[in-house]
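Data from run-v2.txt: compact mmCIF, C-alpha atoms
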# COMPACT_ATOMS: atom_id res chain seq x y z
CA MET G 1 44.14 134.96 -95.35
CA ASN G 2 43.40 131.47 -96.57
CA GLU G 3 45.58 129.81 -93.96
CA LYS G 4 44.47 126.53 -92.37
CA ILE G 5 45.57 124.24 -89.63
CA ARG G 6 46.22 120.62 -90.58
CA LEU G 7 46.19 117.97 -87.88
CA LYS G 8 48.33 114.82 -87.92
CA ASN G 9 45.24 112.90 -89.16
CA ASN G 10 45.07 115.33 -92.15
CA ARG G 11 41.89 117.08 -91.01
CA GLU G 12 41.97 120.75 -91.95
CA TYR G 13 40.24 123.81 -90.51
CA PRO G 14 40.36 127.37 -91.91
CA LEU G 15 41.96 129.87 -89.54
CA VAL G 16 40.76 133.37 -88.78
CA ILE G 17 43.26 136.24 -88.81
CA GLY G 18 45.56 135.70 -85.85
CA GLY G 19 44.07 132.24 -85.33
CA THR G 20 47.15 130.68 -83.75
CA SER G 21 49.22 131.80 -80.81
CA SER G 22 51.65 129.72 -78.84
CA THR G 23 53.94 129.60 -75.84
CA PRO G 24 56.29 126.72 -75.04
CA SER G 25 53.48 125.07 -73.05
CA THR G 26 50.21 126.15 -74.74
CA LEU G 27 48.75 126.56 -78.23
CA ARG G 28 45.62 128.66 -78.75
CA LEU G 29 43.56 128.01 -81.90
CA ILE G 30 40.68 129.97 -83.42
CA PHE G 31 39.27 128.48 -86.59
CA GLN G 32 36.08 128.48 -88.63
CA THR G 33 33.83 125.46 -88.36
CA SER G 34 30.25 124.39 -88.83
CA GLU G 35 30.71 121.22 -86.75
CA PRO G 36 29.11 120.89 -83.31
CA LEU G 37 31.41 121.56 -80.35
CA GLU G 38 31.15 117.91 -79.24
CA ASP G 39 32.57 116.73 -82.58
CA ILE G 40 35.41 119.26 -82.44
CA VAL G 41 36.25 118.21 -78.87
CA THR G 42 36.34 114.55 -79.94
CA VAL G 43 38.83 115.32 -82.72
CA PHE G 44 41.10 117.57 -80.65
CA ALA G 45 41.02 115.34 -77.54
CA ASP G 46 42.79 112.59 -79.52
CA PRO G 47 46.55 112.98 -78.86
CA ALA G 48 47.38 111.09 -82.06
CA ALA G 49 45.58 113.80 -84.08
CA THR G 50 47.18 116.75 -82.29
CA GLU G 51 50.75 115.51 -81.77
CA GLN G 52 51.67 117.65 -84.77
CA ILE G 53 49.63 120.62 -85.99
CA LYS G 54 50.73 122.59 -89.04
CA THR G 55 49.69 126.01 -90.26
CA ILE G 56 49.51 125.82 -94.04
CA ASN G 57 49.08 128.43 -96.75
CA GLU G 58 46.48 128.25 -99.51
CA ASP G 59 49.09 126.67 -101.83
CA GLY G 60 49.73 123.90 -99.27
CA SER G 61 53.11 125.16 -98.11
CA THR G 62 53.86 124.85 -94.41
CA LEU G 63 54.11 128.13 -92.49
CA ALA G 64 54.52 126.75 -88.94
CA VAL G 65 54.68 123.41 -87.15
CA TYR G 66 53.50 122.85 -83.57
CA ASP G 67 54.66 119.58 -82.00
CA GLY G 68 53.49 117.95 -78.79
CA TYR G 69 50.38 119.98 -77.92
CA THR G 70 48.29 116.91 -77.11
CA VAL G 71 46.26 117.89 -74.03
CA LEU G 72 42.94 119.68 -74.72
CA ASP G 73 42.41 122.31 -72.03
CA ASN G 74 39.52 124.53 -70.99
CA PRO G 75 37.81 126.53 -72.24
CA LYS G 76 36.46 124.74 -75.28
CA ALA G 77 34.02 127.09 -76.95
CA ILE G 78 32.05 128.02 -80.05
CA ASP G 79 31.39 131.66 -80.92
CA ASP G 80 28.68 132.16 -83.54
CA HIS G 81 29.42 135.88 -84.06
CA TYR G 82 33.22 136.09 -84.22
CA LEU G 83 34.92 138.72 -86.39
CA ILE G 84 36.37 136.77 -89.32
CA THR G 85 37.41 139.72 -91.52
CA PRO G 86 37.41 143.33 -90.31
CA GLU G 87 35.76 146.18 -92.18
CA GLN G 88 38.01 147.64 -94.88
CA HIS G 89 38.34 151.29 -95.90
CA ASP G 90 39.81 153.18 -98.83
CA ALA G 91 42.18 156.14 -98.53
CA ASP G 92 39.25 158.54 -98.01
CA GLY G 93 37.85 156.46 -95.16
CA ALA G 94 34.90 155.09 -97.10
CA VAL G 95 33.99 151.48 -96.38
CA THR G 96 35.07 149.23 -99.24
CA ALA G 97 34.21 145.92 -97.60
CA GLU G 98 31.90 145.18 -94.70
CA ALA G 99 33.08 143.21 -91.70
CA VAL G 100 32.40 139.49 -91.90
CA TYR G 101 31.27 137.58 -88.82
CA GLY G 102 31.01 133.82 -88.55
CA ARG G 103 31.13 130.70 -86.42
CA VAL G 104 34.45 129.70 -84.90
CA ALA G 105 35.85 127.22 -82.41
CA LEU G 106 38.17 128.51 -79.68
CA LEU G 107 40.47 125.85 -78.23
CA THR G 108 43.59 125.72 -76.09
CA LEU G 109 45.98 122.78 -76.23
CA SER G 110 48.96 122.22 -73.95
CA GLN G 111 52.04 120.08 -73.66
CA PRO G 112 51.62 117.06 -71.36
CA ALA G 113 52.68 117.79 -67.82
CA VAL G 114 56.06 116.54 -66.65
CA GLU G 115 54.29 114.28 -64.15
CA ALA G 116 52.42 112.53 -66.95
CA ARG G 117 55.68 111.92 -68.81
CA VAL G 118 57.34 110.56 -65.67
CA GLU G 119 54.42 108.19 -65.05
CA GLN G 120 54.61 106.95 -68.64
CA ASN G 121 58.36 106.42 -68.31
CA ARG G 122 57.84 104.46 -65.08
CA ALA G 123 55.22 102.28 -66.75
CA ASP G 124 57.57 101.64 -69.68
CA ILE G 125 60.47 100.75 -67.34
CA ASP G 126 58.26 98.44 -65.26
CA PHE G 127 57.02 96.73 -68.43
CA LEU G 128 60.56 96.23 -69.72
CA ALA G 129 61.69 94.91 -66.33
CA VAL G 130 58.90 92.33 -66.30
CA MET G 131 59.52 91.32 -69.91
CA THR G 132 63.28 90.91 -69.43
CA GLY G 133 63.07 89.40 -65.94
CA THR G 134 65.06 92.25 -64.43
CA ASP G 135 64.59 92.81 -60.71
CA LEU G 136 64.23 96.47 -59.88

How does this structure look as structure tokens?
Amino acid sequence: MNEKIRLKNNREYPLVIGGTSSTPSTLRLIFQTSEPLEDIVTVFADPAATEQIKTINEDGSTLAVYDGYTVLDNPKAIDDHYLITPEQHDADGAVTAEAVYGRVALLTLSQPAVEARVEQNRADIDFLAVMTGTDL
């Protein structure tokens, strides 16, 4: 269970069980942290840091790669009593390990909207037209 997420800027955060889930447009992350929510939001609001997010194993090997989830959505939350590790039982049903609760951040990232990409393309085309003297 020692999986982590690693951002493009090499910051790492330990995941909880089932701490990543994705669709083609959204990526949901649940990871352990002691940082204030404001600091987490600052890190994850930077598109350069989140343009590639990897899930890595304890030995450093890559398990999954998530590209292009650069828009930090709502909700952005901290849960101080999140189930990190469930209670474990032996074959007779006796508890062998108590449940562990801890502090986690819950974030959702999404792909940039098509409109944002179109606007960026227009800006790039306009810039190139001005620089090359092309009349559009």

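Between CA of Phe31 (chain G) and CA of Thr108 (chain G) there is a distance of 11.7 Å.
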
Next item on the list: Please measure the separation of CA of Thr23 (chain G) and CA of Val65 (chain G), giving the value in Å to one decimal.
Entry: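 Pair CA of Thr23 (chain G) / CA of Val65 (chain G) returns 12.9 Å.
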
Notebook entry, point to check: What separation in Å, quoted to one decimal, exists between CA of Ile30 (chain G) and CA of Val16 (chain G)?
Noted result: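 It comes out at 6.3 Å.
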
Next item on the list: Find the residues around region 7-13 of chain G up to 6 Å (all atoms listed in the file counted), leave out those fewer than 4 positions away in its own chain, and share them as a PyMOL selection string.
Entry: chain G and resi 49-50+52-53

Next item on the list: Counting all atoms listed in the file, find the residues whose atoms lie at most 12 Å from (51.6, 126.2, -79.2) (file coordinates) and write them out as an MDAnalysis selection string.
Entry: chainID G and resid 19:29 50:55 64:72 107:111

Shell of 10 Å around region 39-42 of chain G, only C-alpha atoms, local chain residues under 4 positions omitted, as a compact mmCIF listing (two decimals) with C-alpha atoms, in the coordinates of the input:
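The resulting file, part_25.txt, is reproduced below:
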# COMPACT_ATOMS: atom_id res chain seq x y z
CA THR G 33 33.83 125.46 -88.36
CA SER G 34 30.25 124.39 -88.83
CA GLU G 35 30.71 121.22 -86.75
CA ASP G 46 42.79 112.59 -79.52
CA LEU G 72 42.94 119.68 -74.72
CA LYS G 76 36.46 124.74 -75.28
CA ALA G 77 34.02 127.09 -76.95
CA ILE G 78 32.05 128.02 -80.05
CA ALA G 105 35.85 127.22 -82.41
CA LEU G 107 40.47 125.85 -78.23

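Take the candidates G:Val43, G:Val95, G:Ile84, G:Ile56 and check each one against Gly18 (chain G) using only C-alpha atoms; the shortest distance goes to G:Ile84.
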
Using the file's own x, y and z axes, so that the box edges lie along x, y and z, what centre and edge lengths in Å (one decimal) does a box around every listed atom of region 73-82 of chain G get when 3 Å is added on each side? Give it as lines of an AutoDock Vina configuration file.
center_x = 35.5
center_y = 129.2
center_z = -77.6
size_x = 19.7
size_y = 19.8
size_z = 19.2

Notebook entry, point to check: For the point (31.5, 138.4, -85.1) in file coordinates, what residues are within 8 Å, counting only C-alpha atoms? Give the answer as JSON, numbers by chain?
Noted result: {"G": [79, 80, 81, 82, 83, 84, 100, 101, 102, 103]}

Item checked: Nearest to Pro112 (chain G) by atom-to-atom distance, counting only C-alpha atoms, from G:Phe127, G:Asp92, G:Leu63, G:Pro47 -> G:Pro47

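When only C-alpha atoms are used to measure the gap to Pro86 (chain G), the shortest distance among G:Asn74, G:Leu37, G:Asp124, G:Ala99 belongs to G:Ala99.
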
Using the atoms already present, construct all heavy atoms for region 50-61 of chain G and hand them back as a PDB file, in the coordinates of the input.
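Dumped to result.pdb:
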ATOM      1  N   THR G  50      46.612 115.435 -82.591  1.00  0.00           N
ATOM      2  CA  THR G  50      47.180 116.750 -82.290  1.00  0.00           C
ATOM      3  C   THR G  50      48.675 116.723 -81.981  1.00  0.00           C
ATOM      4  O   THR G  50      49.245 117.760 -81.657  1.00  0.00           O
ATOM      5  CB  THR G  50      46.449 117.409 -81.114  1.00  0.00           C
ATOM      6  OG1 THR G  50      46.576 116.586 -79.957  1.00  0.00           O
ATOM      7  CG2 THR G  50      44.979 117.628 -81.447  1.00  0.00           C
ATOM      8  N   GLU G  51      49.321 115.557 -82.097  1.00  0.00           N
ATOM      9  CA  GLU G  51      50.750 115.510 -81.770  1.00  0.00           C
ATOM     10  C   GLU G  51      51.564 116.397 -82.695  1.00  0.00           C
ATOM     11  O   GLU G  51      52.646 116.844 -82.344  1.00  0.00           O
ATOM     12  CB  GLU G  51      51.270 114.081 -81.753  1.00  0.00           C
ATOM     13  CG  GLU G  51      51.281 113.391 -83.085  1.00  0.00           C
ATOM     14  CD  GLU G  51      51.685 111.932 -82.982  1.00  0.00           C
ATOM     15  OE1 GLU G  51      52.123 111.491 -81.914  1.00  0.00           O
ATOM     16  OE2 GLU G  51      51.557 111.227 -83.994  1.00  0.00           O
ATOM     17  N   GLN G  52      51.046 116.673 -83.889  1.00  0.00           N
ATOM     18  CA  GLN G  52      51.670 117.650 -84.770  1.00  0.00           C
ATOM     19  C   GLN G  52      50.561 118.424 -85.489  1.00  0.00           C
ATOM     20  O   GLN G  52      49.701 117.831 -86.136  1.00  0.00           O
ATOM     21  CB  GLN G  52      52.580 117.008 -85.802  1.00  0.00           C
ATOM     22  CG  GLN G  52      53.314 118.039 -86.638  1.00  0.00           C
ATOM     23  CD  GLN G  52      54.296 117.408 -87.596  1.00  0.00           C
ATOM     24  OE1 GLN G  52      53.885 116.853 -88.615  1.00  0.00           O
ATOM     25  NE2 GLN G  52      55.572 117.480 -87.261  1.00  0.00           N
ATOM     26  N   ILE G  53      50.600 119.730 -85.347  1.00  0.00           N
ATOM     27  CA  ILE G  53      49.630 120.620 -85.990  1.00  0.00           C
ATOM     28  C   ILE G  53      50.424 121.584 -86.854  1.00  0.00           C
ATOM     29  O   ILE G  53      51.380 122.208 -86.390  1.00  0.00           O
ATOM     30  CB  ILE G  53      48.789 121.382 -84.961  1.00  0.00           C
ATOM     31  CG1 ILE G  53      47.995 120.396 -84.094  1.00  0.00           C
ATOM     32  CG2 ILE G  53      47.846 122.369 -85.657  1.00  0.00           C
ATOM     33  CD1 ILE G  53      47.269 121.040 -82.932  1.00  0.00           C
ATOM     34  N   LYS G  54      50.034 121.689 -88.119  1.00  0.00           N
ATOM     35  CA  LYS G  54      50.730 122.590 -89.040  1.00  0.00           C
ATOM     36  C   LYS G  54      49.795 123.726 -89.437  1.00  0.00           C
ATOM     37  O   LYS G  54      48.594 123.529 -89.595  1.00  0.00           O
ATOM     38  CB  LYS G  54      51.134 121.852 -90.321  1.00  0.00           C
ATOM     39  CG  LYS G  54      52.174 120.791 -90.116  1.00  0.00           C
ATOM     40  CD  LYS G  54      52.522 120.124 -91.438  1.00  0.00           C
ATOM     41  CE  LYS G  54      53.565 119.037 -91.242  1.00  0.00           C
ATOM     42  NZ  LYS G  54      53.898 118.396 -92.519  1.00  0.00           N
ATOM     43  N   THR G  55      50.387 124.900 -89.616  1.00  0.00           N
ATOM     44  CA  THR G  55      49.690 126.010 -90.260  1.00  0.00           C
ATOM     45  C   THR G  55      50.139 125.979 -91.709  1.00  0.00           C
ATOM     46  O   THR G  55      51.347 126.008 -91.981  1.00  0.00           O
ATOM     47  CB  THR G  55      50.048 127.355 -89.616  1.00  0.00           C
ATOM     48  OG1 THR G  55      49.713 127.318 -88.238  1.00  0.00           O
ATOM     49  CG2 THR G  55      49.308 128.492 -90.287  1.00  0.00           C
ATOM     50  N   ILE G  56      49.169 125.892 -92.618  1.00  0.00           N
ATOM     51  CA  ILE G  56      49.510 125.820 -94.040  1.00  0.00           C
ATOM     52  C   ILE G  56      48.882 126.978 -94.797  1.00  0.00           C
ATOM     53  O   ILE G  56      47.831 127.491 -94.415  1.00  0.00           O
ATOM     54  CB  ILE G  56      49.096 124.470 -94.660  1.00  0.00           C
ATOM     55  CG1 ILE G  56      47.604 124.212 -94.492  1.00  0.00           C
ATOM     56  CG2 ILE G  56      49.895 123.329 -94.065  1.00  0.00           C
ATOM     57  CD1 ILE G  56      47.085 123.033 -95.267  1.00  0.00           C
ATOM     58  N   ASN G  57      49.535 127.363 -95.874  1.00  0.00           N
ATOM     59  CA  ASN G  57      49.080 128.430 -96.750  1.00  0.00           C
ATOM     60  C   ASN G  57      48.105 127.852 -97.773  1.00  0.00           C
ATOM     61  O   ASN G  57      47.982 126.634 -97.901  1.00  0.00           O
ATOM     62  CB  ASN G  57      50.290 129.053 -97.445  1.00  0.00           C
ATOM     63  CG  ASN G  57      50.101 130.510 -97.728  1.00  0.00           C
ATOM     64  OD1 ASN G  57      49.000 131.037 -97.648  1.00  0.00           O
ATOM     65  ND2 ASN G  57      51.192 131.178 -98.058  1.00  0.00           N
ATOM     66  N   GLU G  58      47.442 128.721 -98.511  1.00  0.00           N
ATOM     67  CA  GLU G  58      46.480 128.250 -99.510  1.00  0.00           C
ATOM     68  C   GLU G  58      47.102 127.371-100.577  1.00  0.00           C
ATOM     69  O   GLU G  58      46.427 126.528-101.170  1.00  0.00           O
ATOM     70  CB  GLU G  58      45.729 129.415-100.138  1.00  0.00           C
ATOM     71  CG  GLU G  58      46.600 130.401-100.882  1.00  0.00           C
ATOM     72  CD  GLU G  58      45.840 131.628-101.327  1.00  0.00           C
ATOM     73  OE1 GLU G  58      45.165 132.245-100.502  1.00  0.00           O
ATOM     74  OE2 GLU G  58      45.933 131.946-102.524  1.00  0.00           O
ATOM     75  N   ASP G  59      48.418 127.512-100.836  1.00  0.00           N
ATOM     76  CA  ASP G  59      49.090 126.670-101.830  1.00  0.00           C
ATOM     77  C   ASP G  59      49.590 125.354-101.228  1.00  0.00           C
ATOM     78  O   ASP G  59      50.209 124.553-101.910  1.00  0.00           O
ATOM     79  CB  ASP G  59      50.226 127.422-102.507  1.00  0.00           C
ATOM     80  CG  ASP G  59      51.362 127.797-101.572  1.00  0.00           C
ATOM     81  OD1 ASP G  59      51.307 127.432-100.368  1.00  0.00           O
ATOM     82  OD2 ASP G  59      52.316 128.458-102.035  1.00  0.00           O
ATOM     83  N   GLY G  60      49.325 125.146 -99.920  1.00  0.00           N
ATOM     84  CA  GLY G  60      49.730 123.900 -99.270  1.00  0.00           C
ATOM     85  C   GLY G  60      51.089 123.942 -98.612  1.00  0.00           C
ATOM     86  O   GLY G  60      51.506 122.975 -97.992  1.00  0.00           O
ATOM     87  N   SER G  61      51.790 125.070 -98.737  1.00  0.00           N
ATOM     88  CA  SER G  61      53.110 125.160 -98.110  1.00  0.00           C
ATOM     89  C   SER G  61      52.965 125.366 -96.600  1.00  0.00           C
ATOM     90  O   SER G  61      52.036 126.007 -96.130  1.00  0.00           O
ATOM     91  CB  SER G  61      53.931 126.293 -98.727  1.00  0.00           C
ATOM     92  OG  SER G  61      53.282 127.536 -98.546  1.00  0.00           O
TER      93      SER G  61
END
